[in-house]
Each structure stands twice: as C-alpha cells, then as structure tokens.
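Notes to accompany the following structure.
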Amino acid sequence: MMKKILLTALTAVVLLLSACGSDQVTLQVFNWGEFNHPDIGRMFEEEYGIAVIIQHYATNQEMYARLVHQGGDFDVLFPSDYMIERLILENRLAPLNWDNIPNIFYLHPYFETLPFDPQRTYHVPYKWGMFGIIYNTTMVHDPVYSWSILWNDDYAGQIYMYDAARCTLGVALKLLGYSHNTRDITELHAARDLLLEQRNRGLVRAFQGDLIRDSMIAGGAALATIYSGCAWWMMGENTDLNFAIPVEGTQFFVDAMVIPATSTRQAEAEKFINFMMRPDIALLNAEWIGYSTTNRAVLDMLPDYWRNSQVYWPTDEVFARGDMFRDLGDFRQEYYDAFMMVLVGG
Amino acid sequence: MKKLFAYPYIVWMAIFIAAPLLLVFYYSVTATDALGNTYFTLANFRRFFSPFSPDMVQPFHERIFVVVALRSLRLALQSTLICFVLGYPVAYIMTRKEYSEKSVLLFMLLAPMWMNFLLRTYAWLTILERNGLINNLLGRLGLPMFDILYTDAAVLLGMVYNFLPFMILPIYTSLKKQDPKLVEAAQDLGAGQLGVFLRVVFPLSIPGVVSGITMVFMPAAATFIIPHLLGGRQYFLLGSLVEMQFLNIGDWHFGSAVAVIMMMMMVVSMVVLSFFDKGGENHGRGTVI
C-alpha cells in the first residue's frame with residue numbers, strides 16, 4: 001500500500017506542475033495503483049490530443065473518500081462492484097453514452113449482466129478476479145482446497161491475512177457456511193470470533209495488503225489470502241507458489257470504469273474508456289497488470305499458458321464458486337467494527 | 001515595525017495550525033444523522049471510553065479503544081526510555097570530542113535522516129523478514145533464526161531507530177552550551193567525576209532532555225506507519241485508529257474525537273514535563289552558585 005501512497009504523492013506533484021500549463025482539456029483518471037500500463041496516458045494524448053493525468057489509489061474506501069469527502073475532480077474511476085453499487089445508489093455516477101463506446105463490442109459474455117448494474121447503464125468492466133489462498137508448496141504439505149487450512153495449527157505464525165475488512169471477514173463467513181453479504185449480526189459476530197480465535201492461537205503472522213506479495217515471493221510465510229491477479233503474477237516470480245480457490249466459495253469481483261456525475265468532461269472520458277477497451281490497448285494493460293481481462297479479443301490474443309491457467313481463467317466449475325460482494329448500506333459499519341476488533345485483538 | 005515581520009507567521013499559523021485544529025475539534029463534537037443533518041454531541045468521546053458494543057460488559061482497561069490507548073502509551077514510553085538510555089551517552093561523548101570528530105559524528109547521525117522516513121522503515125522490513133538480511137547471515141553462520149518482524153519488539157525497534165536523533169540533538173545542544181569552566185569549578189571544589197556529572201552536567205542538561213523526551217514521545221504515540229509496516233497491523237495504536245477512521249471507514253467525527261483525545265494526552269504530558277524542566281533549571285542554578 002505504501003508503494004501506492006508514494007505513487008499517489010508523485011502523481012499529485014505531476015498534477016500540480018501540469019496544472020500550471022495550458023487550458024486544453026485534461027482528463028483526470030483515478031485508478032488502482034499499478035493497474036494500467038504506464039504509457040497509456042501518453043498514448044491517449046498522442047492519439048486524441050487530450051492530456052491525461054492518472055492518479056492512483058489503494059482501496060475502494062480511499063477512492064470514495066477522495067471523491068466524496070474531499071471533492072476530488074475526476075473523470076474516470078475504476079471502483080469495484082459493491083462500490084459501484086453504492087455510488088449508483090447515492091446518484092454519484094453519470095449514465096454512459098454508448099455511442100461513444102463502440103468497443104463495448106469486445107466485452108466478454110461473462111460480464112454482460114452483473115448484479116450491481118444489471119442494465120449496464122454506468123459501467124464498463126475492466127478487470128476481474130477471485131479471492132483465494134496462495135501457498136508455498138515447499139512449506140504446505142496438506143492439500144489446499146478449503147479455507148479451514150488457515151486454522152491449521154501446523155502453520156502457526158506462517159499465515160498472512162488480508163488487511164481489508166470485507167475480504168477477511170468474508171473468508172470466515174464462507175467457512176462458517178454463511179453469505180459474505182450477510183446482514184445478520186449473529187453470523188457476523190461468529191465470523192469475527194473465528195478470526196479472533198485464529199489470531200489468538202498465534203496462526204496469523206500479520207494482516208497485510210500489498211506487502212504480502214514480496215514476502216510470499218521471498219518465502220516469508222507458508223499461506224496467504226490474496227486475489228487471483230496478484231497470485232498469477234507472484235507465481236511467475238516464484239514457481240514454488242500455487243493458488244487455490246476454496247470449495248466453500250469466495251468473492252468474485254469486477255473492477256469497472258465509471259464516470260462520476262461531477263465530471264465536466266464526459267465525452268472525453270467516454271473516449272478514454274473506449275480507448276481502454278480497444279483490443280491492442282486492452283492487451284497492453286492485461287499483460288502489464290496480470291489480472292484477468294474482461295475483453296474477449298484480448299483473451300484470444302494472450303499466450304496459451306495464460307488462457308489455460310486455472311488462476312488466470314478458471315474453469316466454469318471453479319468460476320461458479322465465486323459470488324460478488326454487495327453494498328451493505330449502513331450495515332457496512334458493523335463489518336468495519338468487527339474487523340477493527342480483530343485487529344486490536346480482544 | 002517588529003510586529004510587521006511577525007504577520008506572515010501569524011497568517012501561516014491561522015491557516016495551517018489554528019484552522020485545522022478548530023476543524024478537528026468541530027468534527028469531534030458533532031455527528032451526522034441518517035438525513036445528513038449535523039448536530040452537536042459528545043457521543044464520539046463517550047464511544048471511545050465505552051465497551052465496544054452495548055451488550056458487552058467490560059472492565060475499563062479491557063475496553064477496546066482504551067486498550068489501544070494504553071498500548072500506544074506503553075510503546076511510546078518504552079521507546080522514549082530506550083532513546084534516552086541510548087541517546088544521552090552519545091550526546092555526551094559527542095560534546096567531549098574534538099571539533100573535526102564532532103562534525104563527523106553529527107554528520108553520521110543526520111545523514112540517514114536525509115532519506116525518506118517511509119523508505120527507511122520499509123528497509124527494516126527487508127532486514128527483519130524471515131528470509132531477510134539478518135536471518136540470511138545468521139543462517140550462514142549456523143545460528144538459530146531471529147524472527148521479530150510483526151511483534152511489538154519490531155515496532156519498538158522502528159520507533160527507536162526513527163526517533164533517536166530527535167533525542168540526541170537537543171541533549172547535545174544543551175550539553176554543548178555548557179561552560180566548561182563550570183566543570184572546572186566543581187572539580188576545584190573537590191567534586192569527583194561522578195559528582196561533577198550528577199550535580200553539574202546532568203542537571204544543566206535537563207532542558208535538553210525534556211525537549212528530547214517531548215520530541216520522541218509525541219511522534220511515537222501518534223505514529224501509524226511503523227505499527228502498520230513492522231507490526232503487521234496487529235499492534236494497533238492510536239495513530240492507526242485515526243488513520244483507519246479517516247481513510248477506510250470515513251467516520252471523520254470519531255476519528256477527530258480520537259485525535260482530540262490524543263492531543264489532550266500530549267498536553268498533559270507536556271505540562272508534566274514542563275514541571276520537571278523548571279525544577280531542573282532551578283536545581284542546576286543552585287549547584288553552580
């Protein structure tokens with residue numbers, strides 16, 4: 001995450017410098033850190049004469065805080081499904097003009113109808129993935145197919161849990177057989193207590209975000225919960241690593257491009273979204289970020305070992321284990337409270 | 001005319017110190033209801049000292065945010081103490097060196113601070129990691145592994161490492177200011193080495209010690225990056241709590257209340273320290289006369 005904060009700071013400086021320039025249209029893009037090819041902005045500017053400034057965030061919540069609480073001036077955002085649902089409910093998104101986005105033609109059929117915006121009025125899917133377990137095959141000797149391995153005392157002190165309330169509570173909820181969108185406080189507290197027990201038994205090495213990647217690649221721990229796209233990249237760096245999507249079910253997510261209602265440059269923003277969906281550009285991004293693409297033309301262009309990988313493109317049976325996070329309304333506070341309790345320990 | 005020169009700073013202070021403080025205070029005593037109306041309340045402060053959920057019965061010191069506050073205080077006090085024990089001798093030795101050596105030592109002390117604080121803390125991750133620098137070395141020598149990353153020892157190490165110069169510098173400055181004649185006078189009057197130190201040098205350096213303690217204690221109590229990176233978020237401190245409220249949860253009211261409570265703790269510790277400071281000065285003067 002720190003890397004991303006640094007990136008954000010850096011881009012903010014660039015922003016300040018370039019703000020002193022001319023009065024031509026400049027698009028403000030706000031994306032996840034490391035989730036677009038670094039040349040994309042320059043390429044778009046060369047082609048359309050529209051300057052692009054790309055800033056980065058590390059979490060959906062950070063993006064939301066910048067957009068809503070700090071009144072950020074953005075034209076294209078890349079939030080996740082449940083966050084888009086929230087933004088739609090709060091009337092913060094602009095409906096897209098599809099005439100400006102003909103490249104939607106390349107959208108893979110998996111993503112035609114998604115529950116958070118079933119008519120696809122506001123979003124263009126960008127990337128997707130599933131939450132699962134990455135493990136080091138030289139350290140883990142049991143088969144990894146269930147979340148319950150994260151409660152196995154053989155791996156005490158060798159497990160990284162993800163530093164995000166919904167992901168980590170979601171693991172415990174799924175293990176208990178509940179929905180990770182539950183609004184039942186008893187179920188949520190049962191999940192919280194399961195995580196507290198895991199912590200108090202000394203199983204957890206740390207709650208970390210992006211730092212998990214470097215540490216797992218270096219053999220710093222045996223098991224970690226992480227997203228498939230990260231796992232795919234890490235497995236390329238260290239061949240001892242493998243990735244499993246547990247049978248109890250997990251989170252399936254889609255990050256999509258949306259335009260905030262406050263944007264004053266909607267037509268240009270749509271041009272940018274269309275550009276990002278163009279197969280050559282989408283391929284460039286897909287190969288750079290390692291997360292699964294939503295572009296069917298790109299899927300055909302990727303190397304065979306990407307397409308045939310269970311991590312990059314799971315079979316239908318594995319794909320069916322995933323379901324999406326939904327916006328929880330005011331109940332989301334309960335998730336934050338429960339997770340804070342897990343972090344503080346008690 | 002003199003007043004005129006003060007204006008830029010007064011404006012600066014109004015915009016960057018007074019206004020944000022007022023804002024934080026305003027947020028801490030207000031809340032927003034479901035309809036978006038803001039109203040005054042002390043609920044944010046009550047929440048800090050209450051059991052985590054209303055159905056829980058917990059003794060005061062086991063209440064979640066009190067646990068966090070006590071943990072922050074403990075770690076801040078520990079790191080301040082360690083910084084003092086390590087820092088005072090360094091400052092003392094530095095003042096007793098020749099000029100050229102002194103500047104080399106001072107340079108070595110300050111050079112790491114030219115690098116970004118975040119990068120230096122990141123570096124510790126690589127050093128302490130299970131397959132990191134230290135363990136690699138130990139492994140090659142056939143020694144057992146040393147795994148303190150993500151424990152409070154690592155957090156403490158990070159704090160001491162980052163804040164040590166802030167302890168050494170003020171002590172060094174106050175020691176350097178001392179007139180060597182005072183030491184000679186004490187020796188003439190029959191004080192031994194220990195006597196000179198305990199009755200002249202140390203009492204005169206107390207103002208430096210006090211500002212050193214303040215400059216270490218406060219950032220140590222407020223830091224959130226160090227427990228986040230080196231503690232693996234399992235050593236949740238007050239700073240982490242504020243960060244979480246603002247960045248993840250978006251509850252600015254409660255976050256501000258926590259910040260105000262932290263400021264109160266700081267004010268109290270400053271008052272206590274300033275009491276020592278005064279006592280030290282008088283005592284010092286008495287010794288010299």
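We label chains A, B, ... in the order they appear in the structure tokens, count residues from 1 in each chain, and number ligands from 1 in the order shown.
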- [ ] Return as a ChimeraX atom specification the full set of residues in range 10-234 of chain B whose backbone-based DSSP assignment is strand (DSSP E).
- [x] /B:30-32,38-40
TODO: For chain A, report every residue with an atom at most 8 Å from chain B (counting only C-alpha atoms), formatted as an MDAnalysis selection string.
DONE: chainID A and resid 59 61:62 65 205:208 215 218:221 333 336 341 343:346
Keeping only N, CA and C atoms, write the selected residues as a short mmCIF file (atom, residue, chain, number, x, y, z; two decimals), in the first residue's frame.
data_model
loop_
_atom_site.label_atom_id
_atom_site.label_comp_id
_atom_site.auth_asym_id
_atom_site.auth_seq_id
_atom_site.Cartn_x
_atom_site.Cartn_y
_atom_site.Cartn_z
N THR A 59 -7.32 1.57 -2.10
CA THR A 59 -8.53 0.85 -1.69
C THR A 59 -9.76 1.59 -2.21
N GLN A 61 -12.20 2.36 -0.48
CA GLN A 61 -12.60 3.34 0.54
C GLN A 61 -11.81 4.63 0.36
N GLU A 62 -10.53 4.48 0.01
CA GLU A 62 -9.70 5.66 -0.22
C GLU A 62 -10.24 6.44 -1.42
N ALA A 65 -13.33 8.24 -0.38
CA ALA A 65 -13.03 9.41 0.47
C ALA A 65 -12.53 10.57 -0.39
N ARG A 205 0.49 -14.43 10.97
CA ARG A 205 1.77 -13.73 11.02
C ARG A 205 1.52 -12.22 10.99
N ALA A 206 0.68 -11.77 10.10
CA ALA A 206 0.35 -10.34 10.04
C ALA A 206 -0.89 -10.14 9.18
N PHE A 207 -1.53 -9.00 9.39
CA PHE A 207 -2.56 -8.54 8.48
C PHE A 207 -1.90 -7.54 7.55
N GLN A 208 -1.75 -7.89 6.29
CA GLN A 208 -1.04 -7.01 5.38
C GLN A 208 -1.79 -6.89 4.08
N SER A 215 6.71 -10.61 0.37
CA SER A 215 7.08 -11.55 1.41
C SER A 215 6.84 -12.99 0.97
N ALA A 218 9.43 -14.13 -1.42
CA ALA A 218 10.70 -14.39 -0.75
C ALA A 218 10.61 -15.58 0.22
N GLY A 219 9.46 -16.25 0.26
CA GLY A 219 9.32 -17.39 1.16
C GLY A 219 9.14 -16.99 2.61
N GLY A 220 8.55 -15.82 2.85
CA GLY A 220 8.39 -15.30 4.21
C GLY A 220 7.28 -15.97 5.01
N ALA A 221 6.37 -16.67 4.34
CA ALA A 221 5.28 -17.34 5.04
C ALA A 221 4.77 -18.48 4.16
N GLN A 333 -20.92 -0.50 8.49
CA GLN A 333 -20.24 -0.07 9.71
C GLN A 333 -19.97 -1.25 10.65
N TYR A 336 -16.86 -3.00 9.58
CA TYR A 336 -15.65 -2.27 9.99
C TYR A 336 -15.38 -2.46 11.48
N MET A 341 -12.09 -4.87 15.73
CA MET A 341 -11.95 -5.69 16.92
C MET A 341 -10.93 -6.80 16.68
N LEU A 343 -8.41 -6.67 14.60
CA LEU A 343 -7.08 -6.08 14.53
C LEU A 343 -6.55 -5.70 15.91
N VAL A 344 -7.44 -5.14 16.73
CA VAL A 344 -7.00 -4.72 18.07
C VAL A 344 -6.75 -5.96 18.92
N GLY A 345 -7.54 -7.00 18.70
CA GLY A 345 -7.39 -8.23 19.48
C GLY A 345 -8.08 -8.06 20.80
N GLY A 346 -8.84 -9.04 21.22
CA GLY A 346 -9.55 -8.82 22.49
C GLY A 346 -10.21 -10.09 22.96
#
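Minimum atom-to-atom distance to Tyr227 in chain A, evaluated using only C-alpha atoms, belongs to A:Gly132 out of A:Gly132, A:Gly170, A:Gly71, A:Pro260.
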Open item on the list: Residues of range 133-301 of chain A classed as helix (DSSP H, G or I) by DSSP on the backbone are to be reported as JSON, numbers by chain.
Closed with: {"A": [147, 148, 149, 150, 151, 153, 154, 155, 165, 166, 167, 168, 169, 170, 171, 172, 173, 174, 175, 185, 186, 187, 188, 189, 190, 191, 192, 193, 194, 195, 196, 197, 198, 199, 200, 211, 212, 213, 214, 215, 216, 217, 228, 229, 230, 231, 232, 233, 234, 235, 236, 237, 266, 267, 268, 269, 270, 271, 272, 273, 274, 275, 276, 277, 279, 280, 281, 282, 283, 284, 285, 286, 287, 288, 289, 296, 297, 298, 299, 300, 301]}
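The coordinates place CA of Leu77 in chain A at 28.9 Å from CA of Ala31 in chain B.
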Task: Nearest to Met340 in chain A by atom-to-atom distance, counting only C-alpha atoms, from B:Ser240, B:Lys2, B:Asn37, B:Val260 - done: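 Of all the options, B:Ser240 lies closest to Met340 in chain A.
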If we count only C-alpha atoms and set the cut-off at 7 Å, which residues sit around Met83 in chain A, ignoring sequence neighbours fewer than 4 positions away in its own chain? Please answer as a compact mmCIF listing (two decimals) with N, CA and C atoms, in the first residue's frame.
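Resulting contents of out.txt:
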# COMPACT_ATOMS: atom_id res chain seq x y z
N ASN A 60 -10.85 0.86 -2.32
CA ASN A 60 -12.11 1.47 -2.72
C ASN A 60 -12.51 2.60 -1.76
N PRO A 79 -13.74 1.77 -9.72
CA PRO A 79 -14.11 1.11 -8.47
C PRO A 79 -14.54 -0.34 -8.67
N LEU A 87 -22.16 3.83 -5.24
CA LEU A 87 -22.11 5.11 -5.96
C LEU A 87 -23.39 5.32 -6.78
N ASP A 327 -23.31 -4.08 -1.90
CA ASP A 327 -23.27 -2.96 -0.97
C ASP A 327 -24.13 -3.29 0.25
Open item on the list: Which residues are close to Val242 in chain B, i.e. within 7 Å by only C-alpha atoms, leaving aside same-chain residues fewer than 4 positions away? Reply as number ranges by chain.
Closed with: B: 238, 246, 255, 258-259
Output N, CA and C atoms for every residue in that selection, as a short mmCIF file (atom, residue, chain, number, x, y, z; two decimals), in the first residue's frame.
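Wrote part-v1.cif, looks like this:
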data_model
loop_
_atom_site.label_atom_id
_atom_site.label_comp_id
_atom_site.auth_asym_id
_atom_site.auth_seq_id
_atom_site.Cartn_x
_atom_site.Cartn_y
_atom_site.Cartn_z
N LEU B 238 -3.03 4.31 18.58
CA LEU B 238 -3.98 5.42 18.39
C LEU B 238 -3.87 6.02 17.00
N PHE B 246 -10.30 7.76 9.15
CA PHE B 246 -10.33 8.73 8.06
C PHE B 246 -10.24 8.06 6.70
N GLY B 255 -12.97 9.80 14.27
CA GLY B 255 -11.53 9.98 14.05
C GLY B 255 -11.03 11.26 14.69
N VAL B 258 -10.84 10.90 18.45
CA VAL B 258 -9.63 10.19 18.85
C VAL B 258 -8.43 11.15 18.78
N ALA B 259 -8.38 11.95 17.72
CA ALA B 259 -7.28 12.91 17.58
C ALA B 259 -7.29 13.91 18.73
#
Open item on the list: Can you pull out the residues contacting Trp313 in chain A? Cut-off 12 Å, using only C-alpha atoms, and skip same-chain residues under 2 positions away; I want them as a PyMOL selection string.
Closed with: chain A and resi 110+127-130+228-229+232+290-294+296+299-300+302+304-311+315-319
Task: Non-local contacts of Thr262 in chain A (9 Å; only C-alpha atoms; under 3 positions in same chain excluded) as number ranges by chain - done: A: 73-75, 92-94, 259
Just-selected residues, C-alpha atoms written as a JSON list (two decimals), in the first residue's frame:
[["chain", "number", "residue", "atom", "x", "y", "z"],
["A", 73, "ASP", "CA", -12.30, 16.35, -9.58],
["A", 74, "PHE", "CA", -12.18, 13.10, -11.52],
["A", 75, "ASP", "CA", -13.44, 11.97, -14.93],
["A", 92, "ARG", "CA", -22.85, 9.81, -7.93],
["A", 93, "LEU", "CA", -22.37, 8.29, -11.41],
["A", 94, "ALA", "CA", -23.18, 9.56, -14.89],
["A", 259, "ILE", "CA", -17.69, 8.37, -14.86]]
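Coordinates place CA of Tyr99 in chain B at a distance of 20.0 Å from CA of Glu184 in chain B.
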- [ ] Would you kindly return, as an MDAnalysis selection string, each protein, DNA or RNA residue with an atom no farther than 9 Å from any atom of Arg42 in chain A, considering only C-alpha atoms and excluding same-chain residues fewer than 4 positions away?
- [x] chainID A and resid 38 46:47 51:52
- [ ] Determine the nearest neighbour of Thr80 in chain B from the options B:Pro180, B:Gly195, B:Asp188, B:Tyr161, counting only C-alpha atoms.
- [x]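 Closest candidate: B:Tyr161.
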Open item on the list: I'd like the interatomic distance between CA of Phe252 in chain A and CA of Phe111 in chain A, to a tenth of an Å.
Closed with: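 Straight-line distance from CA of Phe252 in chain A to CA of Phe111 in chain A works out to 11.7 Å.
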